[in-house]
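A quick write-up on the structure given underneath.
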Amino acid sequence: MPPRRSYDQYCSAARALDSVGDRWTLLIVRELLAGPRRYTDLHADLPGVSTDVLASRLRDMERDGLTTRRRLPPPGAAHVYELTARGAALLPVLQALGAWGEEALGERRPTDAVRAHWFALPLLRALDGETGLVEVRLDEGVFHLRAGASPVHGVGSADGGGLVQGGGGFPGDGPVYGDGPADGEPDAVLSLDTDTCTAVSRGDLALTEAVRAGRVVVTGDGPLAKRLREA
């Protein structure tokens with residue numbers, strides 16, 4: 001591999017940017033927080049990235065200890081990329097960036113792509129302090145997230161869609177979010193339209209306010225569902 005470009009500055013921020021400062025790197029981390037992903041699935045959920053750039057970034061991330069690549073056993077027999085513990089530790093970095101960027105989100109532009117699971121990290125911020133498995137039903141699709149969980153690298157198995165459903169215990173065991181319905185009985189199910197989810201993502205509307213206004217319907221018998229309904 002070619003040598004890593006460096007700012008050559010003895011500063012921890014500069015050292016961090018040596019590894020994650022290139023375009024697309026942190027968005028690849030965002031996707032891999034859902035668990036191991038195939039190259040084709042990463043490319044599909046990163047609209048705008050070229051195949052050459054994506055391959056280059058993945059090589060750089062593996063070299064820098066952020067990701068690993070492994071081959072699934074038969075019948076899958078495909079390679080998947082997954083975060084190492086160091087790569088998974090970027091979750092709070094992405095959350096801080098997301099919170100900082102809320103005011104810049106604005107209205108969705110005609111050229112803006114969207115995927116349902118991109119709302120997972122903003123909703124995790126909205127659920128800060130809570131713990132539980134949450135299924136989210138949007139116009140754009142269904143996904144699930146694990147409020148209060150810590151990402152664990154190398155957990156789970158790739159499903160047909162390329163995302164991973166979590167492994168055994170919870171919290172702290174498996175991806176922090178994933179595509180499709182929850183794997184198991186969720187502690188709460190949130191049903192809302194994309195406009196409401198966007199308002200929560202922009203920081204214009206608190207999740208509890210949206211529930212009180214009837215813009216988010218909360219179902220489920222778990223303690224988390226009851227707390228959201230009573231907030």
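Chain identifiers are assigned as A, B, and so on, following the order in which chains appear in the structure tokens; residues are numbered from 1 within each chain, and ligands are numbered from 1 in order of appearance.
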
For this session: May I have the residues within 10 Å of Ala147 (chain A) as a PyMOL selection string, using only C-alpha atoms and disregarding those fewer than 4 positions away in the same chain?
Result: chain A and resi 120-121+123-134+170-172+176-177+224

Problem set entry | Who sits within 8 Å of region 89-105 of chain A, only C-alpha atoms, same chain under 2 positions skipped, as a list in words |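 Result of the neighbour search: Leu26, Val29, Arg30, Leu33, Ala85, Arg86, Gly87, Glu107, Arg108, Leu121, Pro122, Arg125, Pro151, Ser201, Arg202 and Gly203 of chain A.
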
For this session: Using backbone DSSP assignments, extract all helix (DSSP H, G or I) residues from region 1-223 of chain A; output them as a ChimeraX atom specification.
Result: /A:12-20,25-32,39-44,51-63,85-88,91-105,116-126,194-202,207-212,223

Problem set entry | For Thr68 (chain A): contacts at 7 Å, only C-alpha atoms, fewer than 6 positions along chain excluded, given as a PyMOL selection string | chain A and resi 62+81-84

Problem set entry | Interatomic distance (Å, one decimal) between CA of Arg215 (chain A) and CA of Pro47 (chain A) | 29.6 Å

Exercise. Which polymer residues have any atom within 10 Å of an atom of Asp45 (chain A), counting only C-alpha atoms, with same-chain residues fewer than 2 positions away left out, as a PyMOL selection string?
Worked result: chain A and resi 27-28+31+40-43+47-49+113-115+117-118

Exercise. From the set A:Gln9, A:Thr67, A:Ser150, A:Thr51, which residue has the shortest atom-to-atom contact distance to Leu32 (chain A), counting only C-alpha atoms?
Worked result: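 Among the listed residues, A:Thr67 lies closest to Leu32 (chain A).
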
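Of note, CA of Thr196 (chain A) and CA of Ala116 (chain A) are spaced 12.9 Å apart.
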
For this session: Between CA of Leu54 (chain A) and CA of Cys11 (chain A), measure the distance and give it in Å to one decimal.
Result: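 For CA of Leu54 (chain A) relative to CA of Cys11 (chain A), the distance reads 27.4 Å.
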
Problem set entry | Which residue of A:Gly178, A:Ala77, A:Pro110, A:Asp193 approaches Glu140 (chain A) most closely, using only C-alpha atoms |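 Closest to Glu140 (chain A), using only C-alpha atoms: A:Asp193.
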